[in-house]
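Below is work.cif, which holds mmCIF, C-alpha atoms.
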```cif
data_start
loop_
_atom_site.label_atom_id
_atom_site.label_comp_id
_atom_site.auth_asym_id
_atom_site.auth_seq_id
_atom_site.Cartn_x
_atom_site.Cartn_y
_atom_site.Cartn_z
CA MET A 90 -34.87 45.51 44.63
CA LEU A 91 -34.06 41.86 43.93
CA ASN A 92 -33.43 42.66 40.27
CA THR A 93 -31.02 45.40 41.28
CA LEU A 94 -29.03 43.04 43.52
CA ILE A 95 -28.87 40.38 40.77
CA LEU A 96 -27.72 42.95 38.22
CA ALA A 97 -25.02 44.24 40.58
CA SER A 98 -23.82 40.68 41.26
CA CYS A 99 -23.63 39.94 37.55
CA ARG A 100 -21.59 43.05 36.97
CA ARG A 101 -19.14 42.08 39.72
CA LEU A 102 -18.81 38.56 38.29
CA LEU A 103 -18.22 39.91 34.79
CA LEU A 104 -15.58 42.31 36.11
CA ALA A 105 -13.81 39.50 37.98
CA LEU A 106 -13.80 37.28 34.89
CA THR A 107 -12.39 40.14 32.83
CA LEU A 108 -9.57 40.71 35.32
CA VAL A 109 -8.72 37.01 35.30
CA VAL A 110 -8.67 36.87 31.50
CA VAL A 111 -6.36 39.90 31.35
CA ALA A 112 -4.15 38.90 34.27
CA VAL A 113 -3.43 35.33 33.16
CA PRO A 114 -1.89 36.23 29.76
CA THR A 115 0.02 39.05 31.43
CA ALA A 116 1.52 36.67 33.99
CA VAL A 117 2.39 34.14 31.30
CA ALA A 118 3.96 36.86 29.17
CA ALA A 119 6.01 38.02 32.13
CA GLN A 120 7.29 34.49 32.65
CA GLU A 121 8.07 33.94 28.97
CA ALA A 122 9.30 37.44 28.19
CA PRO A 123 11.92 37.42 25.41
CA ARG A 124 15.46 38.60 26.10
CA LEU A 125 17.55 40.71 23.78
CA ARG A 126 20.50 38.98 22.17
CA LEU A 127 23.41 41.43 22.08
CA PHE A 128 26.61 41.19 20.02
CA LEU A 129 29.46 43.53 21.03
CA ASP A 130 31.76 44.62 18.21
CA CYS A 131 34.40 46.67 19.98
CA ALA A 132 37.07 48.77 18.28
CA THR A 133 37.90 50.85 21.36
CA ARG A 134 38.46 50.23 25.06
CA CYS A 135 35.82 47.77 26.26
CA ASP A 136 35.92 45.79 29.48
CA GLY A 137 33.92 42.87 28.14
CA GLN A 138 34.04 40.86 31.35
CA PHE A 139 32.76 43.78 33.41
CA LEU A 140 29.92 44.53 30.96
CA ARG A 141 28.78 40.90 30.91
CA THR A 142 28.92 40.73 34.70
CA GLU A 143 26.94 43.92 35.28
CA LEU A 144 24.42 43.73 32.42
CA THR A 145 22.59 40.44 32.97
CA ASP A 146 19.13 41.13 31.50
CA VAL A 147 20.38 40.47 27.94
CA ASP A 148 21.89 37.37 26.33
CA TRP A 149 25.43 38.08 25.13
CA VAL A 150 26.19 36.25 21.88
CA THR A 151 29.44 35.76 19.98
CA ASP A 152 27.93 35.68 16.48
CA ARG A 153 26.31 38.82 15.10
CA THR A 154 24.08 36.81 12.77
CA VAL A 155 22.08 35.44 15.73
CA SER A 156 21.84 38.77 17.56
CA ASP A 157 18.87 41.10 17.91
CA VAL A 158 21.14 44.10 18.40
CA HIS A 159 24.62 44.53 16.92
CA LEU A 160 26.52 47.09 18.99
CA ILE A 161 29.54 48.74 17.36
CA ALA A 162 31.74 50.70 19.78
CA THR A 163 34.41 53.06 18.43
CA GLY A 164 36.40 55.86 20.02
CA LEU A 165 38.56 58.88 19.28
CA GLY A 166 40.56 61.27 21.42
CA THR A 167 39.12 64.69 22.27
CA GLY A 168 40.94 67.99 22.22
CA ALA A 169 41.37 67.97 26.00
CA GLY A 170 42.93 64.50 26.02
CA GLY A 171 39.80 62.62 27.01
CA ARG A 172 37.85 60.17 24.90
CA GLU A 173 34.71 60.30 22.80
CA VAL A 174 33.04 56.94 22.36
CA THR A 175 30.38 56.24 19.77
CA LEU A 176 27.92 53.42 20.37
CA THR A 177 26.03 52.41 17.25
CA PHE A 178 23.02 50.16 17.85
CA ILE A 179 21.92 48.19 14.77
CA GLY A 180 18.70 46.21 15.00
CA ARG A 181 18.61 42.77 13.40
CA ALA A 182 16.01 40.07 12.75
CA ALA A 183 12.68 41.38 14.13
CA LEU A 184 14.34 44.71 14.95
CA ALA A 185 15.81 45.25 11.47
CA GLY A 186 15.62 48.88 10.41
CA MET A 187 16.07 50.27 13.93
CA THR A 188 19.40 52.09 14.20
CA ASP A 189 20.60 54.51 16.86
CA THR A 190 23.89 56.29 17.49
CA VAL A 191 24.79 57.49 20.98
CA LEU A 192 27.90 59.40 22.06
CA PHE A 193 29.47 59.85 25.44
CA ARG A 194 32.66 61.60 26.47
CA THR A 195 35.00 61.11 29.41
CA PRO A 196 37.45 63.69 30.81
CA PRO A 197 41.20 63.16 30.45
CA ASP A 198 41.62 62.21 34.13
CA ALA A 199 38.90 59.51 34.14
CA THR A 200 40.09 56.23 35.67
CA ASP A 201 39.40 52.87 34.04
CA ASP A 202 36.58 52.25 36.51
CA ILE A 203 34.88 55.58 35.76
CA TYR A 204 35.23 54.93 32.04
CA ARG A 205 33.71 51.45 32.07
CA ARG A 206 30.83 52.46 34.34
CA GLU A 207 29.95 55.34 32.02
CA PHE A 208 30.14 52.88 29.11
CA LEU A 209 27.72 50.58 30.96
CA ARG A 210 25.31 53.41 31.84
CA VAL A 211 25.03 54.65 28.26
CA LEU A 212 24.76 51.08 26.93
CA GLU A 213 21.84 50.34 29.25
CA LEU A 214 20.05 53.52 28.17
CA GLY A 215 20.64 52.79 24.50
CA LEU A 216 19.08 49.33 24.79
CA VAL A 217 15.79 50.59 26.28
CA ARG A 218 14.13 51.28 22.90
CA TYR A 219 15.04 47.84 21.60
CA SER A 220 13.78 46.14 24.76
CA LEU A 221 10.45 47.95 24.41
CA ALA A 222 10.20 47.01 20.74
CA MET A 223 10.71 43.31 21.57
CA ASP A 224 8.34 43.44 24.54
CA ALA A 225 11.36 42.52 26.67
CA ALA A 226 11.13 45.50 29.02
CA GLN A 227 8.84 44.13 31.72
CA ALA A 228 11.63 44.29 34.27
CA LEU A 229 12.77 47.80 33.33
CA ARG A 230 12.22 50.49 35.95
CA VAL A 231 13.59 53.96 36.52
CA MET A 232 15.64 53.58 39.70
CA ARG A 233 18.16 55.60 41.65
CA THR A 234 19.68 52.65 43.50
CA PRO A 235 22.15 50.05 42.17
CA ILE A 236 20.57 47.06 40.43
CA ASP A 237 21.32 43.60 41.82
CA VAL A 238 23.24 41.78 39.07
CA SER A 239 24.37 38.80 41.12
CA ARG A 240 22.35 36.19 39.23
CA PRO A 241 24.28 34.15 36.64
CA VAL A 242 24.12 34.91 32.93
CA VAL A 243 22.70 31.94 31.03
CA ALA A 244 21.91 32.01 27.33
CA LEU A 245 18.49 30.69 26.34
CA THR A 246 19.83 28.44 23.58
CA ASP A 247 23.39 27.85 22.44
CA PRO A 248 24.04 25.26 19.71
CA TRP A 249 27.79 25.55 20.34
CA ASN A 250 27.35 24.70 24.04
CA PHE A 251 29.46 27.75 25.08
CA TRP A 252 32.48 26.74 22.94
CA VAL A 253 34.34 29.56 21.18
CA PHE A 254 37.06 28.95 18.56
CA ASN A 255 39.68 31.25 17.05
CA VAL A 256 42.19 30.61 14.28
CA ARG A 257 45.06 33.00 13.56
CA LEU A 258 47.59 32.97 10.72
CA ASN A 259 50.23 35.63 10.27
CA GLY A 260 53.25 36.37 8.14
CA GLU A 261 55.86 39.10 8.15
CA LEU A 262 58.75 39.96 5.84
CA ASP A 263 61.48 42.52 6.58
CA ALA A 264 64.38 43.45 4.35
CA GLU A 265 67.34 45.82 4.34
CA SER A 266 70.51 45.90 2.27
CA ARG A 267 72.31 43.35 4.46
CA THR A 268 69.43 41.85 6.46
CA THR A 269 66.48 39.74 5.41
CA GLY A 270 63.98 38.23 7.78
CA TYR A 271 60.63 36.53 7.75
CA GLU A 272 58.21 35.13 10.30
CA LEU A 273 55.34 32.73 9.74
CA GLY A 274 53.01 31.82 12.54
CA GLY A 275 49.71 30.20 13.35
CA GLU A 276 47.55 29.63 16.39
CA LEU A 277 44.36 27.74 17.20
CA ASN A 278 42.36 28.49 20.35
CA ALA A 279 39.30 26.83 21.79
CA SER A 280 37.61 27.85 25.02
CA ARG A 281 34.48 27.11 26.99
CA THR A 282 33.41 29.18 29.99
CA THR A 283 30.37 28.55 32.20
CA GLU A 284 29.56 29.27 35.83
CA ASP A 285 31.08 25.90 36.84
CA TRP A 286 33.70 25.15 34.18
CA LYS A 287 36.53 26.98 32.46
CA ILE A 288 38.34 25.18 29.63
CA ARG A 289 41.03 26.76 27.46
CA LEU A 290 43.02 24.92 24.77
CA GLU A 291 45.73 26.49 22.61
CA VAL A 292 48.27 25.28 20.08
CA GLY A 293 50.55 27.44 17.96
CA GLY A 294 53.95 27.82 16.41
CA ASP A 295 56.27 30.33 14.76
CA MET A 296 58.99 30.05 12.13
CA ASP A 297 61.27 33.04 12.74
CA ARG A 298 64.44 33.40 10.62
CA THR A 299 66.74 36.37 10.04
CA GLU A 300 69.74 36.30 7.67
CA PHE A 301 72.64 38.74 8.08
CA THR A 302 75.41 39.47 5.56
CA LEU A 303 78.66 40.14 7.45
CA ASP A 304 81.52 42.42 6.36
CA ASP A 305 83.50 39.51 4.87
CA GLY A 306 80.48 38.43 2.82
CA GLU A 307 79.66 35.47 5.05
CA LYS A 308 76.00 34.92 5.83
CA PHE A 309 74.68 34.20 9.33
CA THR A 310 71.13 32.97 9.99
CA ALA A 311 69.38 33.50 13.31
CA ASN A 312 66.84 30.75 14.03
CA ARG A 313 64.14 31.43 16.63
CA ASP A 314 61.64 28.72 15.65
CA GLY A 315 59.31 27.42 18.31
CA TRP A 316 55.95 25.85 19.02
CA ARG A 317 53.72 25.43 22.05
CA ALA A 318 50.55 23.69 23.23
CA GLU A 319 48.65 24.55 26.40
CA ALA A 320 45.55 23.29 28.18
CA LEU A 321 43.65 24.56 31.21
CA VAL A 322 40.67 22.83 32.81
CA ALA A 323 39.15 24.37 35.95
CA ARG A 324 36.06 23.39 37.94
CA SER A 325 34.35 25.59 40.53
CA ILE A 326 33.77 23.83 43.84
CA ASN A 327 31.95 26.74 45.46
CA TRP A 328 32.07 30.54 45.42
CA LYS A 329 35.72 30.61 46.66
CA TRP A 330 37.37 27.28 45.79
CA SER A 331 38.26 25.87 42.37
CA THR A 332 40.28 22.90 41.23
CA GLY A 333 41.62 21.64 37.92
CA PHE A 334 44.88 21.12 36.06
CA VAL A 335 47.23 22.83 33.63
CA ALA A 336 49.27 21.10 30.93
CA GLU A 337 51.78 22.49 28.47
CA ALA A 338 54.33 21.39 25.91
CA ARG A 339 56.79 23.60 24.09
CA SER A 340 59.93 23.68 22.02
CA TYR A 341 62.19 26.74 21.69
CA ARG A 342 65.82 26.46 20.61
CA PRO A 343 67.08 29.75 22.14
CA ASP A 344 66.10 28.29 25.54
CA ASN A 345 67.90 25.01 24.69
CA LEU A 346 64.57 23.17 24.68
CA GLU A 347 64.00 20.48 22.12
CA LEU A 348 60.91 19.52 24.10
CA ARG A 349 59.44 20.31 27.48
CA TYR A 350 56.08 19.20 28.81
CA ARG A 351 54.46 19.77 32.18
CA PHE A 352 51.29 18.42 33.79
CA ALA A 353 50.16 19.95 37.07
CA PRO A 354 47.00 19.58 39.18
CA ALA A 355 45.97 22.94 40.62
CA LEU A 356 43.93 24.38 43.49
CA GLU A 357 42.76 27.99 43.75
CA PHE A 358 41.26 30.00 46.62
CA ASP A 359 39.72 33.45 46.15
CA PHE A 360 39.24 35.63 49.23
CA PHE A 361 36.43 37.49 47.47
CA PRO A 362 33.42 35.98 45.66
CA TYR A 363 34.01 35.30 41.97
CA ALA A 364 31.08 37.60 41.17
CA GLU A 365 33.27 40.53 42.28
CA ALA A 366 36.19 39.60 40.01
CA THR A 367 35.75 42.66 37.78
CA ARG A 368 36.16 44.97 40.79
CA ARG A 369 38.55 43.22 43.16
CA ARG A 370 40.40 39.94 43.40
CA LEU A 371 42.78 38.26 45.85
CA ILE A 372 43.70 34.69 44.98
CA LEU A 373 46.07 31.93 46.01
CA LEU A 374 46.92 29.32 43.37
CA ALA A 375 48.97 26.20 44.09
CA THR A 376 50.21 23.66 41.52
CA LEU A 377 52.24 20.44 41.79
CA GLY A 378 53.70 19.46 38.45
CA VAL A 379 55.57 16.73 36.61
CA ASN A 380 58.14 18.12 34.12
CA HIS A 381 60.07 16.37 31.37
CA PHE A 382 62.93 18.12 29.54
CA GLU A 383 64.74 17.15 26.33
CA TYR A 384 67.60 19.53 25.49
CA VAL A 385 69.12 20.71 22.21
CA GLU A 386 72.61 20.74 23.75
CA GLU A 387 74.02 19.15 26.87
CA THR A 388 73.37 21.35 29.90
CA VAL A 389 75.80 22.68 32.50
CA PHE A 390 74.53 19.84 34.73
CA ASP A 391 75.60 17.23 32.11
CA ARG A 392 72.04 16.34 31.14
CA THR A 393 70.52 15.78 27.71
CA GLU A 394 67.11 14.97 29.18
CA GLU A 395 65.53 14.64 32.62
CA THR A 396 62.22 14.43 34.52
CA ARG A 397 61.53 16.52 37.62
CA LEU A 398 58.75 17.40 40.06
CA ASP A 399 58.10 21.03 40.90
CA GLY A 400 55.80 23.02 43.16
CA LYS A 401 54.53 26.54 42.60
CA LEU A 402 52.52 29.02 44.67
CA ASP A 403 51.06 32.21 43.19
CA ILE A 404 49.31 35.11 44.88
CA ALA A 405 47.57 37.90 42.98
CA PHE A 406 45.65 40.98 44.05
CA GLU A 407 43.80 43.35 41.72
CA SER A 408 41.47 46.24 42.43
CA GLN A 409 39.61 48.69 40.21
CA GLN A 410 38.23 51.67 42.11
CA PRO A 411 36.99 55.16 41.22
CA TRP A 412 40.26 56.57 42.54
CA GLY A 413 42.40 54.38 40.29
CA SER A 414 43.70 50.83 40.24
CA ALA A 415 46.26 48.62 41.96
CA TYR A 416 47.74 45.17 41.59
CA VAL A 417 50.27 42.99 43.45
CA ASN A 418 51.50 39.62 42.18
CA GLY A 419 53.89 37.17 43.77
CA SER A 420 55.20 33.74 42.81
CA ALA A 421 57.46 31.12 44.38
CA SER A 422 58.53 27.87 42.69
CA ALA A 423 61.14 25.17 43.21
CA PHE A 424 62.16 21.75 41.94
CA LEU A 425 61.32 19.32 44.72
CA SER A 426 64.44 17.20 44.17
CA SER A 427 66.68 20.27 44.65
CA LEU A 428 64.94 23.00 46.64
CA GLU A 429 67.93 25.32 46.17
CA GLN A 430 66.96 25.47 42.48
CA ASN A 431 64.10 27.89 42.90
CA ARG A 432 62.64 31.15 41.70
CA PHE A 433 60.94 33.99 43.59
CA SER A 434 59.27 36.87 41.77
CA GLY A 435 57.01 39.79 42.55
CA SER A 436 55.45 42.70 40.74
CA ALA A 437 53.24 45.58 41.77
CA GLY A 438 51.59 48.58 40.23
CA LEU A 439 49.60 51.55 41.46
CA GLU A 440 47.70 54.22 39.58
CA ILE A 441 46.22 56.99 41.73
CA ARG A 442 44.13 59.95 40.70
CA LEU A 443 45.46 62.49 43.20
CA ALA A 444 43.42 65.46 42.05
CA ARG A 445 41.68 66.74 38.96
CA GLY A 446 44.06 66.15 36.09
CA LEU A 447 46.87 64.82 38.36
CA GLU A 448 47.77 61.12 38.21
CA PHE A 449 50.61 59.14 39.74
CA GLU A 450 51.76 55.77 38.41
CA VAL A 451 54.38 53.36 39.66
CA ARG A 452 55.19 49.81 38.55
CA GLY A 453 57.99 47.47 39.45
CA SER A 454 59.05 43.85 39.25
CA TYR A 455 61.84 41.69 40.63
CA THR A 456 62.73 38.04 40.06
CA ARG A 457 65.42 36.08 41.86
CA VAL A 458 66.55 33.32 39.49
CA ARG A 459 68.11 30.09 40.78
CA ASP A 460 66.51 27.50 38.50
CA GLN A 461 68.20 27.82 35.10
CA ILE A 462 68.65 24.08 34.63
CA THR A 463 68.37 24.35 30.83
CA LEU A 464 71.57 26.40 30.35
CA PRO A 465 73.78 24.75 27.70
CA LYS A 466 77.44 23.97 28.31
CA GLY A 467 80.14 26.24 26.95
CA ASP A 468 80.35 29.96 26.29
CA ALA A 469 77.90 31.82 24.08
CA SER A 470 79.23 33.39 20.89
CA ASP A 471 78.94 37.13 20.27
CA GLU A 472 76.18 36.50 17.72
CA GLN A 473 74.19 34.42 20.20
CA VAL A 474 74.52 37.12 22.88
CA PHE A 475 73.64 40.11 20.71
CA LEU A 476 70.79 38.38 18.87
CA ARG A 477 69.45 36.64 22.00
CA LEU A 478 69.77 33.24 20.40
CA ARG A 479 70.84 31.59 23.62
CA GLN A 480 69.68 31.76 27.21
CA LEU A 481 72.24 33.56 29.40
CA ALA A 482 72.95 32.87 33.05
CA THR A 483 71.61 35.47 35.48
CA GLY A 484 70.83 35.76 39.17
CA TYR A 485 67.97 38.26 38.93
CA ARG A 486 65.79 40.39 36.68
CA ALA A 487 64.37 43.74 37.78
CA SER A 488 62.54 46.77 36.41
CA VAL A 489 60.97 49.96 37.81
CA ASP A 490 58.69 52.46 36.09
CA ILE A 491 57.52 55.70 37.76
CA GLY A 492 55.38 58.39 36.18
CA LEU A 493 53.51 61.55 37.08
CA SER A 494 51.14 63.32 34.73
CA TYR A 495 49.16 66.52 35.02
CA THR A 496 46.53 67.68 32.56
CA PHE A 497 45.15 71.18 32.79
CA GLY A 498 43.30 73.68 30.66
CA SER A 499 39.94 73.16 28.99
CA PHE A 500 38.17 70.05 30.28
CA LEU A 501 35.13 71.06 28.21
CA ASN A 502 36.77 70.61 24.81
CA THR A 503 34.91 67.58 23.38
CA ILE A 504 35.59 68.37 19.74
CA VAL A 505 36.87 65.41 17.73
CA ASN A 506 39.17 66.22 14.80
CA PRO A 507 40.65 63.04 13.24
CA ARG A 508 42.70 64.83 10.56
CA PHE A 509 46.37 63.77 10.37
CA ASN A 510 45.81 61.08 13.01
CA ASN A 511 48.04 58.66 11.05
CA VAL A 512 51.00 61.02 10.75
CA ASP A 513 53.95 60.01 12.96
#
```

Represent the structure of the file as structure tokens.
Amino acid sequence: MLNTLILASCRRLLLALTLVVVAVPTAVAAQEAPRLRLFLDCATRCDGQFLRTELTDVDWVTDRTVSDVHLIATGLGTGAGGREVTLTFIGRAALAGMTDTVLFRTPPDATDDIYRREFLRVLELGLVRYSLAMDAAQALRVMRTPIDVSRPVVALTDPWNFWVFNVRLNGELDAESRTTGYELGGELNASRTTEDWKIRLEVGGDMDRTEFTLDDGEKFTANRDGWRAEALVARSINWKWSTGFVAEARSYRPDNLELRYRFAPALEFDFFPYAEATRRRLILLATLGVNHFEYVEETVFDRTEETRLDGKLDIAFESQQPWGSAYVNGSASAFLSSLEQNRFSGSAGLEIRLARGLEFEVRGSYTRVRDQITLPKGDASDEQVFLRLRQLATGYRASVDIGLSYTFGSFLNTIVNPRFNNVD
């Protein structure tokens, strides 16, 4: 009897030790589970900000050479007027050799929100095999309720410290019998975005010349050269408040600007949490700026240069919903030394899916202009008016766009036929 009890106790002890040995590595593995590094290469409609906000169990990278999965997204129109999107998953590094292609189709009356959520759903499903292959699927479960994606996205390692750079060079040449034109341009962008900071720097310029041969043989050259430099630095105070500054400098002869620079501290308040920015946004943004102007020609106010303070208040509302989308923007600004020199503007747009295949769109904008302090003295020549080589006096600018569309017939036609797509 005693031997039986000792044997049973030994078995229990051995079982407990086995469970501990198995459980400890499992817990450590769960804590140190690798995360997929995903690079998005998009040649179709992709709401990158939405995808990064919603899909937080991967590390989004901006260089395909450091990714575990290179995702190529392309799209074509279907026969019914919808869209067929192809997601090609290409494994890299330890996942090299694994390649999958997944298709999904949206109907012609799908809103932007429906489209991007379907994109996200198929993307998540396509990544399952790669997560399993990397042993990065410990957190994956089959669920029928929304997944909480409120936690911030933080890359494991980033030698660039979140900085992203872009350089652009472009050239264009146009010629007709009596007109020759060329444009050369360049731009350098640098940006850094984290949960607390947003920094954006940009500098660029364009050389834009067009030469016309008139009836009497005389040649006239239109000069639209210009350059610009901009900087934005913003710091999050909490989930609703942010502060920072904006700075800009520019030169553009058609606006009679030899040089203008502005520096303005800024304060922003968002009525909704920043985590909901891809779905809805309502912000107030206030700036107080110092402006310096140097003019090409003397202005109607007898100035060749001047320095002024200005204040500006912006309000913006955006919403993406299954039924459609809406936005409303408003802006008010004035020079503090002369409040009658001001500008008020507003714009709004609404896209509603009324019924299957039936959509209504309306957009409009209006600006009341009272702050054209850069207007040059004297009358504009016909050439300057027709070629927009000189800023013209105006009291307002307005536009309205209304549309109604109805798609009917076969909503099941998902056939893609790209033949003659490039024929005008």

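In terms of minimum interatomic distance to Ala320 (chain A), A:Asn278 ranks closest within A:Thr299, A:Asn278, A:Thr393, A:Thr154, counting only C-alpha atoms.
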
Here is a test: counting all atoms listed in the file, which residue of A:Arg432, A:Arg342, A:Arg181, A:Arg508 is nearest to Met223 (chain A)? A:Arg181

Quick one: pull the distance between CA of Phe360 (chain A) and CA of Gln410 (chain A), Å, one decimal.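 Computed distance, CA of Phe360 (chain A) to CA of Gln410 (chain A), equals 17.6 Å.
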
Selection result for the PyMOL selection byres ((chain A and resi 382) around 8) on this file, as an NGL selection string: :A and (346-350 or 380-381 or 383-384 or 394-396)

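Residue nearest Arg172 (chain A) within the list A:Arg486, A:Arg134, A:Arg479, A:Arg210: A:Arg134 [criterion: smallest interatomic distance, only C-alpha atoms].
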